[in-house]
>>> print(open('work-v7.txt').read())   # compact mmCIF, C-alpha atoms
# COMPACT_ATOMS: atom_id res chain seq x y z
CA MET N 1 113.93 72.87 30.19
CA LEU N 2 111.51 70.49 31.89
CA GLN N 3 112.33 67.09 33.25
CA LEU N 4 109.78 64.43 33.87
CA GLY N 5 110.18 62.17 36.80
CA THR N 6 108.10 59.94 39.06
CA HIS N 7 107.54 60.22 42.74
CA GLY N 8 105.19 57.60 44.14
CA LYS N 9 102.05 57.50 42.03
CA ASN N 10 102.33 61.05 40.76
CA HIS N 11 104.27 62.57 37.89
CA ARG N 12 106.48 65.58 38.72
CA MET N 13 107.53 68.28 36.27
CA VAL N 14 110.68 69.98 37.40
CA GLY N 15 111.10 73.45 35.93
CA ALA N 16 112.81 76.71 36.57
CA GLY N 17 112.90 76.76 40.36
CA ARG N 18 109.54 75.10 40.94
CA ASP N 19 107.90 71.69 41.09
CA LEU N 20 104.65 71.12 39.27
CA TRP N 21 102.68 68.22 40.64
CA ARG N 22 100.22 66.34 38.45
CA PRO N 23 98.30 63.23 39.51
CA SER N 24 98.73 60.15 37.37
CA SER N 25 95.87 58.18 35.87
CA PRO N 26 93.58 56.62 38.47
CA THR N 27 94.01 52.97 39.18
CA PRO N 28 91.03 50.58 39.08
CA CYS N 29 90.87 50.66 42.88
CA GLN N 30 90.84 54.48 42.92
CA SER N 31 88.08 54.50 40.27
CA ARG N 32 85.87 52.24 42.38
CA VAL N 33 86.38 54.49 45.45
CA THR N 34 85.55 57.60 43.43
CA GLN N 35 82.39 56.03 42.01
CA SER N 36 81.29 54.99 45.51
CA ARG N 37 81.75 58.55 46.81
CA LEU N 38 79.78 59.99 43.88
CA HIS N 39 76.96 57.51 44.52
CA ARG N 40 76.75 58.46 48.22
CA ASN N 41 76.73 62.19 47.40
CA ALA N 42 73.96 61.72 44.83
CA SER N 43 71.89 59.75 47.38
CA ARG N 44 72.35 62.48 50.00
CA SER N 45 71.37 65.17 47.49
CA ALA N 46 68.21 63.28 46.57
CA VAL N 47 67.26 62.84 50.21
CA ALA N 48 68.00 66.46 51.03
CA HIS N 49 65.77 67.73 48.25
CA GLY N 50 62.96 65.29 48.98
CA PRO N 51 60.15 65.69 51.56
CA ALA N 52 62.15 63.95 54.29
CA GLY N 53 65.15 66.20 53.62
CA ARG N 54 63.09 69.37 53.84
CA GLU N 55 61.59 68.20 57.16
CA ASN N 56 65.04 67.46 58.55
CA LYS N 57 66.18 70.95 57.55
CA ARG N 58 63.19 72.54 59.29
CA ALA N 59 63.89 70.49 62.44
CA GLY N 60 67.51 71.58 62.35
CA ARG N 61 66.53 75.23 62.03
CA ARG N 62 64.14 74.83 64.99
CA ARG N 63 66.90 73.25 67.06
CA GLY N 64 69.28 76.08 66.10
CA ALA N 65 66.68 78.69 66.99
CA SER N 66 66.07 77.10 70.39
CA VAL N 67 69.81 77.03 71.09
CA ARG N 68 70.12 80.71 70.12
CA ASP N 69 67.15 81.61 72.32
CA GLU N 70 68.71 79.78 75.23
CA LEU N 71 72.02 81.56 74.74
CA LEU N 72 70.25 84.93 74.59
CA LEU N 73 68.37 84.17 77.80
CA ARG N 74 71.59 83.18 79.51
CA ALA N 75 73.28 86.38 78.35
CA ARG N 76 70.38 88.51 79.59
CA TRP N 77 70.35 86.72 82.94
CA THR N 78 74.10 87.21 83.22
CA GLU N 79 73.69 90.96 82.63
CA GLN N 80 70.88 91.22 85.17
CA SER N 81 72.54 89.05 87.81
CA PRO N 82 75.59 90.85 89.25
CA SER N 83 76.83 87.76 91.10
CA ALA N 84 77.13 85.86 87.84
CA THR N 85 79.56 88.30 86.23
CA MET N 86 81.28 90.09 89.08
CA VAL N 87 81.92 90.06 92.80
CA GLY N 88 79.44 92.45 94.40
CA LEU N 89 76.76 94.63 92.90
CA LYS N 90 77.22 95.92 89.35
CA PRO N 91 77.72 99.66 88.80
CA PRO N 92 74.37 101.45 88.47
CA GLU N 93 73.45 103.19 85.23
CA VAL N 94 72.23 106.23 87.19
CA PRO N 95 75.08 107.88 89.16
CA PRO N 96 74.46 108.32 92.92
CA THR N 97 73.53 111.77 94.16
CA ALA N 98 75.70 113.88 96.45
CA ALA N 99 73.40 113.07 99.38
CA VAL N 100 73.77 109.33 98.75
CA LYS N 101 77.56 109.68 98.63
CA PHE N 102 77.55 111.81 101.79
CA ILE N 103 75.57 109.27 103.84
CA SER N 104 77.32 106.25 102.31
CA ALA N 105 80.77 107.68 103.12
CA GLY N 106 79.92 108.27 106.79
CA THR N 107 78.34 104.83 107.17
CA ALA N 108 81.24 103.07 105.41
CA ALA N 109 83.77 104.91 107.59
CA CYS N 110 81.93 103.79 110.75
CA ILE N 111 81.98 100.18 109.52
CA ALA N 112 85.72 100.48 108.87
CA ASP N 113 86.30 102.03 112.31
CA LEU N 114 84.46 99.19 114.03
CA CYS N 115 86.73 96.69 112.25
CA THR N 116 90.05 98.47 112.78
CA PHE N 117 89.69 100.53 115.97
CA PRO N 118 92.03 98.35 118.11
CA LEU N 119 94.82 98.95 115.56
CA ASP N 120 94.16 102.69 115.75
CA THR N 121 94.39 102.59 119.55
CA ALA N 122 97.68 100.66 119.37
CA LYS N 123 98.99 103.24 116.88
CA VAL N 124 98.17 106.12 119.23
CA ARG N 125 99.82 104.39 122.20
CA LEU N 126 103.01 103.79 120.24
CA GLN N 127 103.06 107.35 118.90
CA ILE N 128 102.75 109.00 122.32
CA GLN N 129 105.16 106.58 123.96
CA GLY N 130 108.15 108.47 125.30
CA GLU N 131 106.26 111.56 126.41
CA VAL N 132 106.69 112.79 129.96
CA ARG N 133 103.19 111.66 130.83
CA ILE N 134 103.93 107.99 130.21
CA PRO N 135 106.68 106.65 132.51
CA ARG N 136 109.45 104.85 130.70
CA SER N 137 112.91 103.92 131.90
CA THR N 138 115.91 103.92 129.62
CA SER N 139 116.14 100.13 129.60
CA THR N 140 112.54 99.09 129.07
CA VAL N 141 109.79 100.11 126.71
CA GLU N 142 106.16 99.85 127.76
CA TYR N 143 104.86 98.82 124.33
CA ARG N 144 106.75 96.71 121.79
CA GLY N 145 105.19 96.30 118.36
CA VAL N 146 101.58 95.96 117.35
CA LEU N 147 100.81 92.59 118.91
CA GLY N 148 102.83 93.47 122.01
CA THR N 149 100.89 96.69 122.45
CA LEU N 150 97.53 94.97 122.02
CA SER N 151 98.43 92.14 124.41
CA THR N 152 99.81 94.57 127.01
CA MET N 153 96.63 96.65 126.87
CA VAL N 154 94.41 93.58 127.27
CA ARG N 155 96.53 92.26 130.15
CA THR N 156 96.84 95.52 132.08
CA GLU N 157 93.62 97.37 131.18
CA GLY N 158 91.21 94.72 129.96
CA PRO N 159 89.78 93.99 126.49
CA ARG N 160 87.51 97.04 126.60
CA SER N 161 90.59 99.29 126.45
CA LEU N 162 91.03 98.34 122.78
CA TYR N 163 87.83 100.25 122.00
CA SER N 164 88.46 103.18 124.33
CA GLY N 165 87.10 106.31 122.64
CA LEU N 166 85.00 104.38 120.12
CA ALA N 167 81.95 106.62 120.64
CA ALA N 168 83.97 109.72 119.81
CA GLY N 169 85.56 107.86 116.88
CA LEU N 170 82.16 107.02 115.37
CA GLN N 171 81.00 110.61 115.91
CA ARG N 172 84.12 111.76 114.14
CA GLN N 173 83.62 109.48 111.15
CA MET N 174 79.96 110.41 110.63
CA SER N 175 80.86 114.09 110.40
CA PHE N 176 84.45 113.88 109.14
CA ALA N 177 84.39 111.13 106.53
CA SER N 178 81.00 112.22 105.20
CA ILE N 179 82.55 115.55 104.19
CA ARG N 180 86.04 114.60 103.04
CA ILE N 181 85.00 111.45 101.16
CA GLY N 182 81.33 111.97 100.38
CA LEU N 183 81.80 115.42 98.85
CA TYR N 184 85.06 114.63 97.04
CA ASP N 185 83.46 113.82 93.67
CA SER N 186 81.25 116.92 93.76
CA VAL N 187 84.16 119.24 94.60
CA LYS N 188 86.30 117.51 91.97
CA GLN N 189 83.72 118.39 89.33
CA LEU N 190 83.84 122.04 90.46
CA TYR N 191 87.59 122.15 89.82
CA THR N 192 87.31 120.36 86.46
CA PRO N 193 87.21 122.78 83.50
CA LYS N 194 84.00 122.73 81.50
CA GLY N 195 84.22 120.60 78.40
CA ALA N 196 87.19 118.59 79.67
CA GLU N 197 87.07 114.92 78.70
CA SER N 198 88.63 113.74 81.98
CA THR N 199 89.58 115.16 85.36
CA GLY N 200 93.23 116.11 85.67
CA LEU N 201 95.56 115.42 88.57
CA ALA N 202 95.51 119.05 89.75
CA ALA N 203 91.72 119.04 90.09
CA ARG N 204 91.83 115.80 92.09
CA VAL N 205 94.53 117.12 94.44
CA LEU N 206 92.68 120.41 94.98
CA ALA N 207 89.45 118.53 95.68
CA GLY N 208 91.19 116.28 98.21
CA CYS N 209 92.80 119.24 100.01
CA THR N 210 89.53 121.20 100.06
CA THR N 211 87.32 118.46 101.46
CA GLY N 212 90.00 117.46 103.97
CA ALA N 213 90.37 121.01 105.30
CA VAL N 214 86.61 121.58 105.56
CA ALA N 215 86.15 118.24 107.32
CA VAL N 216 88.81 119.08 109.92
CA ALA N 217 87.26 122.49 110.59
CA CYS N 218 83.89 120.86 111.26
CA ALA N 219 84.90 117.67 113.08
CA GLN N 220 88.08 118.60 115.00
CA PRO N 221 86.49 118.40 118.51
CA THR N 222 85.54 114.75 117.95
CA ASP N 223 89.10 113.96 116.87
CA VAL N 224 90.57 115.64 119.96
CA VAL N 225 88.28 113.66 122.28
CA LYS N 226 89.02 110.39 120.46
CA VAL N 227 92.80 110.83 120.78
CA ARG N 228 92.53 111.88 124.44
CA PHE N 229 90.45 108.81 125.24
CA GLN N 230 92.81 106.45 123.45
CA ALA N 231 95.77 107.90 125.37
CA ASN N 232 93.83 108.13 128.65
CA GLY N 233 94.15 104.43 129.38
CA ALA N 234 97.95 104.61 129.42
CA MET N 235 97.84 106.68 132.62
CA PRO N 236 97.37 105.35 136.16
CA GLU N 237 93.70 105.02 137.02
CA SER N 238 93.90 107.81 139.60
CA ALA N 239 95.39 110.20 137.04
CA ARG N 240 92.89 109.59 134.26
CA ARG N 241 91.23 112.80 133.22
CA TYR N 242 87.93 111.72 131.67
CA SER N 243 85.18 109.35 132.72
CA GLY N 244 83.18 109.43 129.49
CA THR N 245 82.77 111.08 126.10
CA VAL N 246 80.47 113.86 127.29
CA ASP N 247 82.71 114.45 130.32
CA ALA N 248 85.69 114.80 127.99
CA TYR N 249 83.97 117.52 125.94
CA ARG N 250 82.99 119.39 129.13
CA THR N 251 86.38 119.03 130.82
CA ILE N 252 88.35 120.19 127.79
CA ALA N 253 86.04 123.18 127.24
CA ARG N 254 86.19 124.11 130.95
CA GLU N 255 89.94 123.70 131.46
CA GLU N 256 91.27 124.77 128.07
CA GLY N 257 88.42 126.86 126.70
CA VAL N 258 86.50 126.23 123.51
CA ARG N 259 89.75 126.59 121.59
CA GLY N 260 90.95 123.45 123.36
CA LEU N 261 88.40 121.43 121.36
CA TRP N 262 90.05 122.70 118.18
CA ARG N 263 93.56 122.02 119.49
CA GLY N 264 95.93 120.90 116.73
CA THR N 265 93.67 122.07 113.91
CA LEU N 266 96.52 123.32 111.73
CA PRO N 267 98.63 120.13 111.88
CA ASN N 268 95.44 118.14 111.43
CA ILE N 269 94.55 120.15 108.31
CA ALA N 270 98.05 119.49 106.96
CA ARG N 271 97.74 115.80 107.80
CA ASN N 272 94.34 115.41 106.22
CA ALA N 273 95.32 117.30 103.09
CA ILE N 274 98.15 114.78 102.69
CA VAL N 275 96.01 111.80 103.71
CA ASN N 276 93.25 112.83 101.32
CA CYS N 277 95.73 113.06 98.46
CA GLY N 278 97.23 109.73 99.50
CA GLU N 279 93.87 108.03 99.93
CA LEU N 280 91.24 109.53 97.65
CA VAL N 281 93.45 110.76 94.81
CA THR N 282 95.55 107.57 94.77
CA TYR N 283 92.43 105.40 94.94
CA ASP N 284 90.87 107.45 92.15
CA LEU N 285 93.95 107.18 89.92
CA ILE N 286 94.56 103.45 90.50
CA LYS N 287 90.91 102.58 89.93
CA ASP N 288 90.75 104.68 86.73
CA ALA N 289 93.95 103.06 85.44
CA LEU N 290 92.68 99.53 86.13
CA LEU N 291 89.38 100.23 84.38
CA ARG N 292 90.92 102.14 81.46
CA THR N 293 93.43 99.38 80.70
CA GLN N 294 90.70 96.76 81.24
CA LEU N 295 92.87 94.85 83.70
CA MET N 296 89.87 94.65 86.03
CA THR N 297 86.18 95.42 85.98
CA ASP N 298 84.41 97.79 88.37
CA ASN N 299 83.88 95.30 91.18
CA ILE N 300 85.21 94.33 94.62
CA PRO N 301 88.65 92.99 93.54
CA CYS N 302 89.31 96.25 91.70
CA HIS N 303 88.23 98.26 94.76
CA PHE N 304 90.44 96.09 97.00
CA VAL N 305 93.58 96.66 94.92
CA ALA N 306 92.98 100.42 94.61
CA ALA N 307 92.19 100.77 98.34
CA PHE N 308 95.27 98.80 99.42
CA GLY N 309 97.53 100.97 97.28
CA ALA N 310 95.84 104.10 98.60
CA GLY N 311 96.33 103.00 102.21
CA PHE N 312 100.05 102.35 101.72
CA CYS N 313 100.68 105.70 99.99
CA ALA N 314 98.70 107.56 102.64
CA THR N 315 100.65 105.93 105.48
CA VAL N 316 104.05 106.73 103.96
CA VAL N 317 103.36 110.40 103.34
CA ALA N 318 101.19 111.14 106.38
CA SER N 319 102.98 109.30 109.19
CA PRO N 320 105.29 112.20 110.25
CA VAL N 321 102.41 114.68 110.40
CA ASP N 322 100.25 112.09 112.15
CA VAL N 323 102.78 111.58 114.93
CA VAL N 324 103.10 115.33 115.57
CA LYS N 325 99.32 115.74 115.48
CA THR N 326 98.75 112.92 117.96
CA ARG N 327 101.34 114.21 120.43
CA TYR N 328 100.19 117.79 120.19
CA MET N 329 96.51 116.95 120.62
CA ASN N 330 97.29 114.71 123.60
CA ALA N 331 99.52 117.31 125.31
CA GLY N 332 98.39 119.12 128.44
CA PRO N 333 98.14 122.91 128.72
CA GLY N 334 101.56 124.56 128.39
CA GLN N 335 103.46 121.45 127.36
CA TYR N 336 104.04 122.76 123.81
CA ARG N 337 103.73 126.34 122.62
CA ASN N 338 102.53 125.28 119.17
CA ALA N 339 102.71 122.45 116.67
CA LEU N 340 106.19 123.54 115.54
CA SER N 341 107.60 123.29 119.08
CA CYS N 342 106.05 119.83 119.35
CA LEU N 343 107.76 118.82 116.10
CA LEU N 344 111.15 120.15 117.29
CA ALA N 345 110.81 118.42 120.66
CA LEU N 346 110.05 115.12 118.91
CA LEU N 347 113.00 115.57 116.54
CA MET N 348 115.43 116.33 119.41
CA GLN N 349 114.18 113.46 121.55
CA ASP N 350 113.78 110.63 119.02
CA GLY N 351 115.41 111.85 115.81
CA LEU N 352 114.00 111.26 112.35
CA ALA N 353 112.90 107.76 113.34
CA GLY N 354 110.45 109.37 115.76
CA PHE N 355 108.36 110.61 112.82
CA TYR N 356 107.64 107.00 111.87
CA LYS N 357 106.81 105.74 115.33
CA GLY N 358 103.96 103.31 115.08
CA PHE N 359 104.37 102.96 111.29
CA VAL N 360 103.45 99.26 111.22
CA PRO N 361 100.19 99.70 113.16
CA SER N 362 99.54 102.85 111.15
CA PHE N 363 99.83 100.91 107.90
CA LEU N 364 97.89 97.91 109.22
CA ARG N 365 95.19 100.23 110.45
CA LEU N 366 95.10 102.64 107.50
CA GLY N 367 95.51 99.91 104.88
CA SER N 368 92.78 97.71 106.34
CA TRP N 369 90.62 100.76 107.06
CA ASN N 370 90.85 101.87 103.44
CA VAL N 371 90.02 98.40 102.12
CA VAL N 372 86.94 98.03 104.35
CA MET N 373 85.82 101.63 103.86
CA PHE N 374 86.13 101.84 100.06
CA ILE N 375 84.53 98.45 99.44
CA SER N 376 81.66 99.33 101.80
CA TYR N 377 81.38 102.80 100.26
CA GLU N 378 81.11 101.49 96.69
CA GLN N 379 78.57 98.82 97.63
CA LEU N 380 76.45 101.13 99.81
CA GLN N 381 76.17 103.61 96.94
CA ARG N 382 74.95 100.87 94.61
CA VAL N 383 72.47 99.54 97.17
CA ALA N 384 71.07 103.05 97.65
CA VAL N 385 70.72 103.62 93.90
CA LEU N 386 69.08 100.21 93.36
CA ALA N 387 66.66 100.91 96.20
CA ARG N 388 65.62 104.20 94.60
CA THR N 389 65.37 102.81 91.06
CA PRO N 390 61.83 101.56 90.24
CA GLN N 391 61.77 97.91 89.21
CA SER N 392 60.32 97.35 85.75
>>> encode(input="work-v7.txt", output="structure tokens")
Amino acid sequence: MLQLGTHGKNHRMVGAGRDLWRPSSPTPCQSRVTQSRLHRNASRSAVAHGPAGRENKRAGRRRGASVRDELLLRARWTEQSPSATMVGLKPPEVPPTAAVKFISAGTAACIADLCTFPLDTAKVRLQIQGEVRIPRSTSTVEYRGVLGTLSTMVRTEGPRSLYSGLAAGLQRQMSFASIRIGLYDSVKQLYTPKGAESTGLAARVLAGCTTGAVAVACAQPTDVVKVRFQANGAMPESARRYSGTVDAYRTIAREEGVRGLWRGTLPNIARNAIVNCGELVTYDLIKDALLRTQLMTDNIPCHFVAAFGAGFCATVVASPVDVVKTRYMNAGPGQYRNALSCLLALLMQDGLAGFYKGFVPSFLRLGSWNVVMFISYEQLQRVAVLARTPQS
């Protein structure tokens, strides 16, 4: 059953659940408008198919081609110019060699040490505070916090004390970081099964432990001298044991034997196995996750986020071992029988809180060190690869 009705100028047919709209007959005004539109369309069609129309079409195609060419040139320039698409140099197509990674890691670690060495010195002073060697009454504490430690050192020992042991620290980084960081990727590939699409967590952890242990075995004397120098300034001037880096190596070897230069190797291996897992493995995992989920591209902001997370994780897990290592390496002959006795003495004297002495400077130092080191490391690798790649 259909009903006819009117709605405005149109007729409406109302049927079974639907409305059928049908325009009514055009009015004289609507007819004139329609005829005018048809006339304009016919004129445009005639012009378009005439000589002038064909010339306009050719000009339009030329303009479109020039716009496309310009866009292509901009895209190519954007790909070739790293600063236009990302912060820092773009990842090279050719992966860096093991030698490039080895040298880049040592250089980047030295740059990071130069930037953060005062924080490392403050960390050592806070960690050894409370030992017999440093006088401290029950009511006062020699160093209070990071800024307090730094200001006390500058006031009582001079600004140069902040960089006490820097020479040994740079020696340590060139040999130590080059191995544990520069060889990490190569060792990781050795632990990765052939044909595997990606490297698993176990291979990363094993690679971090391996490079950390080998680095400690090779560079332990430089670490011992660095810690001794950083703690040396806390003593009265008449009681200071070393006058220079070379004198420190000679004195330790003469008074404690060659084994004295490798003092604290076992706790240092344990520390660096943990630190390597906290730093390199965490950095590796965070960076891979950011790139895989496309939250970030492979540039400096991505490296910053991954390095900051790596520094925090490394500080949390490595601080207890770091405190024991620092105290044991700074101890005189006969003060502790071994690293375990040092750990027990620290636990009895300061409790569990003693394992996190100097945590704030440790995090400030390790977090900032990781950020500077990893950003420098990534950029140095890319500079080295670009320098070796012939320009076409």
>>> axis_aligned_box(input="work-v7.txt", around="segment 171-183 of chain N", padding_each_side="6 Å", output="JSON")
{"center_x": 83.0, "center_y": 112.5, "center_z": 107.4, "size_x": 18.1, "size_y": 18.1, "size_z": 29.1}
>>> atom_distance(input="work-v7.txt", atom1="atom CA of Leu290 of chain N", atom2="atom CA of Lys188 of chain N")
20.0 Å
>>> closest_residue(input="work-v7.txt", among="N:Ala314, N:Leu89, N:Leu347, N:Cys342", to="Ile300 of chain N", atoms="all atoms listed in the file")
N:Leu89
>>> closest_residue(input="work-v7.txt", among="N:Asn272, N:Gln335, N:Thr116, N:Thr192", to="Val321 of chain N", atoms="only C-alpha atoms")
N:Asn272
>>> closest_residue(input="work-v7.txt", among="N:Leu261, N:Ala231, N:Ala99, N:Ala217", to="Ala122 of chain N", atoms="only C-alpha atoms")
N:Ala231
>>> closest_residue(input="work-v7.txt", among="N:Thr156, N:Gly208, N:Ile128, N:Leu114", to="Arg327 of chain N", atoms="all atoms listed in the file")
N:Ile128
>>> residues_around(input="work-v7.txt", residues="Asn276 of chain N", least_positions_apart="6", cutoff="9 Å", atoms="all atoms listed in the file", output="VMD selection string")
chain N and resid 180 to 181 205 207 to 209 211 to 212 282 314
>>> write_last_selection(input="work-v7.txt", atoms="C-alpha atoms", output="tab-separated table (two decimals), in the frame of the given file")
chain	number	residue	atom	x	y	z
N	180	ARG	CA	86.04	114.60	103.04
N	181	ILE	CA	85.00	111.45	101.16
N	205	VAL	CA	94.53	117.12	94.44
N	207	ALA	CA	89.45	118.53	95.68
N	208	GLY	CA	91.19	116.28	98.21
N	209	CYS	CA	92.80	119.24	100.01
N	211	THR	CA	87.32	118.46	101.46
N	212	GLY	CA	90.00	117.46	103.97
N	282	THR	CA	95.55	107.57	94.77
N	314	ALA	CA	98.70	107.56	102.64
>>> residues_near_point(input="work-v7.txt", point="(89.8, 116.3, 127.9)", cutoff="9 Å", atoms="only C-alpha atoms", output="PyMOL selection string")
chain N and resi 224-225+228-229+241-242+245+247-253+255-256+260-261+330
>>> atom_distance(input="work-v7.txt", atom1="atom CA of Asp223 of chain N", atom2="atom CA of Val146 of chain N")
21.9 Å
>>> atom_distance(input="work-v7.txt", atom1="atom CA of Ser161 of chain N", atom2="atom CA of Leu126 of chain N")
14.6 Å
>>> closest_residue(input="work-v7.txt", among="N:Thr293, N:Ser341, N:Ser362, N:Thr149", to="Val316 of chain N", atoms="only C-alpha atoms")
N:Ser362
>>> closest_residue(input="work-v7.txt", among="N:Gly351, N:Gly169, N:Gly309, N:Gly332", to="Phe117 of chain N", atoms="all atoms listed in the file")
N:Gly169
>>> residues_around(input="work-v7.txt", residues="Leu340 of chain N", least_positions_apart="6", cutoff="12 Å", atoms="all atoms listed in the file", output="list in words")
Gly264, Leu266, Pro267, Val321, Val324, Lys325, Arg327, Tyr328, Leu346 and Leu347 of chain N
>>> residues_around(input="work-v7.txt", residues="Cys110 of chain N", least_positions_apart="6", cutoff="7 Å", atoms="only C-alpha atoms", output="list in words")
Leu170, Gln173 and Met174 of chain N
>>> write_last_selection(input="work-v7.txt", atoms="C-alpha atoms", output="mmCIF file, in the frame of the given file")
data_model
loop_
_atom_site.group_PDB
_atom_site.id
_atom_site.type_symbol
_atom_site.label_atom_id
_atom_site.label_comp_id
_atom_site.auth_asym_id
_atom_site.auth_seq_id
_atom_site.Cartn_x
_atom_site.Cartn_y
_atom_site.Cartn_z
ATOM 1 C CA LEU N 170 82.160 107.020 115.370
ATOM 2 C CA GLN N 173 83.620 109.480 111.150
ATOM 3 C CA MET N 174 79.960 110.410 110.630
#
